[in-house]
Each structure stands twice: as structure tokens, then as C-alpha cells.
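Just below is one structure, and these are the notes that go with it.
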Amino acid sequence: SPFTEANPSYTQIPITLKKIPGSEQNIADLRQRRRLNNALRGANPEAVIFDGDSLYGTSIYLGLPSDLRENSVAVWRRMFRGDPSLHSENQAERIRSFLYWKTQEYFAKHVGTNFAVSQAVADSLEKAGIPEKKIVHIPQQVGGDYSPQDRLTQGDHFRKEFLEQDELGILIVSRISPEKGFDWMIDVYKRLKEERKNLNPDSSLKKIRFTLVGPAIPENKQFLTWIQQEISKSDSATARQHAADSIRFEYIGAKEKDELQKLYNAYDILLMPSPAEGFGKVTVEAMHGGMTVIGRKECLATNEIINESPYTIGLLPKSPRTAAEQIITIMQNPNLLTELQYNALMWSHGHYSEAKINKGFWNGIKSIPKK
């Protein structure tokens with residue numbers, strides 16, 4: 001049935017997918033595409049919306065009749081060609097990635113409209129040769145999932161369940177994968193071990209706890225081991241430095257939403273080490289819980305979120321050394337930490353909400369040229 005804002009109606013059309021050998025991607029075969037086309041003909045949709053970064057979506061799109069292709073939309077959630085395997089040392093992996101992105105490039109150039117969840121993603125599409133007129137930025141596509149309830153109602157009492165009273169809590173929430181900038185995170189940790197001796201002895205915060213949260217798929221277990229080994233090396237190298245042992249690191253695995261809600265409410269700073277993101281979803285989630293953010297200057301998506309605010313809600317250091325210095329400064333200035341957290345909380349809840357998600361998406365739908 002027609003897909004309209006005034007009276008949305010949804011029809012579920014289950015189809016069977018086939019897994020591509022040697023890949024995590026799935027596709028719909030010819031018979032399944034025919035089934036779907038017949039169902040879409042009966043539904044008479046105003047728009048067919050695809051996940052852009054998926055061979056599944058592309059395989060269905062290629063089987064659509066021309067009129068439905070013209071009314072199709074691809075939603076892009078990560079940077080176009082933002083796949084590190086494009087530069088892999090493994091030739092077969094590099095070729096697979098190249099062919100995948102050539103297919104997605106064809107999709108993006110021929111689909112009716114491309115929705116980008118951030119300006120950074122929109123710029124990456126344009127850089128790949130996608131015409132600007134076919135790109136629509138749908139902003140603020142996150143919100144409403146997390147709240148500062150525990151932080152505001154229980155305060156220090158709740159915080160003590162996770163951190164010591166004189167401990168600064170730094171949280172990293174990310175899947176464990178090489179492209180997520182963990183080398184940068186490790187360097188920040190090392191620099192803090194060295195800088196800790198410069199902390200004012202009268203500072204109320206004297207310790208730092210790094211807590212890494214996120215899933216590690218079997219293929220990345222070895223990489224997780226490498227992270228832990230590098231942290232151990234840093235601990236050993238700074239063992240004789242003054243108060244270096246007051247900084248510690250822990251990995252606590254993947255956490256469900258209710259557990260993340262607690263962590264976002266208890267910890268002080270979200271560290272975003274990733275050099276490139278499609279949209280900083282975790283950044284906004286953490287701010288919704290009352291945290292401030294330290295992210296990399298080079299990450300366009302993190303820049304987009306932090307610089308959009310008219311007042312300071314987070315910091316964007318150019319290097320791990322600068323990040324470590326900023327953390328020491330925050331430890332010595334609790335009022336600065338409180339101000340950053342308050343600004344981030346107020347800005348994120350006013351700027352990112354479920355209502356704005358829907359508004360941004362529907363404004364994008366309305367902008368699709370009528371054929």
C-alpha cells in the first residue's frame with residue numbers, strides 16, 4: 001500500500017537469500033527477485049528503500065522494473081569505499097573488496113536517490129563520482145535510545161558501582177577491528193602513563209580507568225590479543241615512573257543496551273579513536289548518558305557532531321599526545337569536566353531525538369523527485 005507520512009502502512013515480504021561463498025554477503029536469486037517484484041507491483045510503493053552498503057540490496061535493485069528503479073532510495077551509513085580491505089596485503093581480499101565497491105558504485109550512480117546519514121558520508125559519495133543532485137543528507141539519525149536517568153537521580157552513589165571516587169572513567173565502545181583506530185587508543189594510554197607524573201598532587205582525580213567495550217568476532221580475536229599485549233608492554237615500560245600504576249586498562253566484552261545505559265551514566269569521557277566513521281552513533285549515545293567526548297580531529301563524522309554545537313561539548317585533539325594532555329587538564333579541573341558533560345547532555349538531547357530522526361527521514365522521502 002502507498003507509503004505516506006499521514007497513513008504509513010507496511011507489508012512484510014519474506015524472501016530466501018543465498019550466501020556468497022567466502023563472503024559475509026547474501027544475495028537474492030532470480031526466482032526470489034521475481035517473487036518480490038510481483039509483491040511490490042501489488043503494493044504500489046511510493047519508494048523502495050535499500051541499505052546501500054549491501055549486495056543483498058543491489059541484487060534486488062538490479063531485478064526491479066525501470067519504474068521502481070527510478071523511485072528507489074539507497075541509505076548509506078558508512079563512508080563510501082571506507083573498507084580497509086581495499087588496501088589489504090591479501091591480494092584475493094583486495095580484489096573482492098574492489099569488485100564489491102565497483103558494484104556498489106554502479107548501484108549508487110543508477111539508484112533514484114542516495115540518502116547519506118552524515119555530511120561526511122555525503123562527501124564520500126560525491127568524491128566517488130556520484131552526482132550531487134542524487135545525494136540527500138538526512139541528519140540526526142540517532143536518538144531516544146539512552147538517557148541520563150541514573151546519573152541525574154543517583155549521582156556519585158551510582159558512579160561508585162563502576163569507578164573509585166578518585167578515578168576518571170574513560171570508556172571506549174567499539175567493535176574490535178583494526179580499522180577502528182586502536183593503535184591511537186594505545187598511544188593515548190602510553191602517553192598518559194608518561195604524563196601522569198605531571199598531575200597536580202592536589203587534584204581530586206588521581207587515577208584513570210580505561211574500559212573497552214565491544215564484540216570481537218573470531219577473525220579478530222588475535223587482534224584483541226595484540227591490543228592487550230601492547231597495553232601490557234606499556235605497563236612494563238613505565239613501571240618505575242611515578243604513579244604510572246594509577247592508570248589501568250580492562251576489556252569487558254560486548255554489552256547489551258541496558259548495560260551500556262549504565263556505563264554511559266557512570267563514566268566520564270568517551271574516547272573515540274576511530275579515524276573514520278559514517279556517523280558517530282556511539283558519540284551521541286554517550287552524550288545522551290551525560291558523557292563528554294574526546295575524538296580524533298581527522299574523523300569527519302566526529303567533527304561534524306562536536307563542531308555543530310555552538311558551545312564546547314567535546315574535544316578534538318590532533319594527536320595522542322594532545323589527547324593525553326587534555327585528559328590531564330580535565331583531571332585537574334573538575335569544573336571543566338562538569339561543564340563539558342552538561343553542555344554535551346543538553347545539546348545532544350535537544351539536537352538528536354526520535355522526532356528529529358523521523359523528520360529528517362521523511363524530509364528526505366519528500367525530496368525524491370516524482371517520476
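Here's how to read the names in the C-alpha cells: chain A, B, ... by the order shown, residue numbers from 1 in each chain, ligand numbers from 1 in the order shown.
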Per residue of range 87-194 of chain A within 12 Å of range 24-28 of chain A, note the shortest atom pair and the distance in Å to one decimal, counting only C-alpha atoms, and order the rows by chain and increasing residue number, as JSON lines.
```
{"residue": "A:Arg96", "atom": "CA", "partner": "A:Gln25", "partner_atom": "CA", "distance": 11.4}
{"residue": "A:Ser97", "atom": "CA", "partner": "A:Gln25", "partner_atom": "CA", "distance": 11.6}
{"residue": "A:Tyr100", "atom": "CA", "partner": "A:Gln25", "partner_atom": "CA", "distance": 10.0}
```
Filtering to C-alpha atoms, could you give me those residues as a PDB file, in the first residue's frame?
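And here's result-v6.pdb as it stands now:
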```pdb
ATOM      1  CA  ARG A  96      36.996  -8.954  -3.641  1.00  0.00           C
ATOM      2  CA  SER A  97      36.733  -5.571  -1.970  1.00  0.00           C
ATOM      3  CA  TYR A 100      32.293  -5.104  -4.285  1.00  0.00           C
TER       4      TYR A 100
END
```
With a distance cut-off of 10 Å and only C-alpha atoms, select the neighbouring residues of range 229-233 of chain A, excluding the residue or stretch itself and same-chain residues fewer than 2 positions from it, and output the selection as a ChimeraX atom specification. /A:183,185-187,189-190,223-227,235-239,248-250
CA of Gln341 in chain A and CA of Glu179 in chain A, how far apart in Å? 27.8 Å
What does the distance from CA of Tyr146 in chain A to CA of Ile247 in chain A come to in Å, to one decimal?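 So the answer is 28.2 Å.
Closest approach to Asn198 in chain A from the set A:Thr292, A:Lys255, A:Tyr352, A:Ala244 is made by A:Ala244, with distances taken over only C-alpha atoms.
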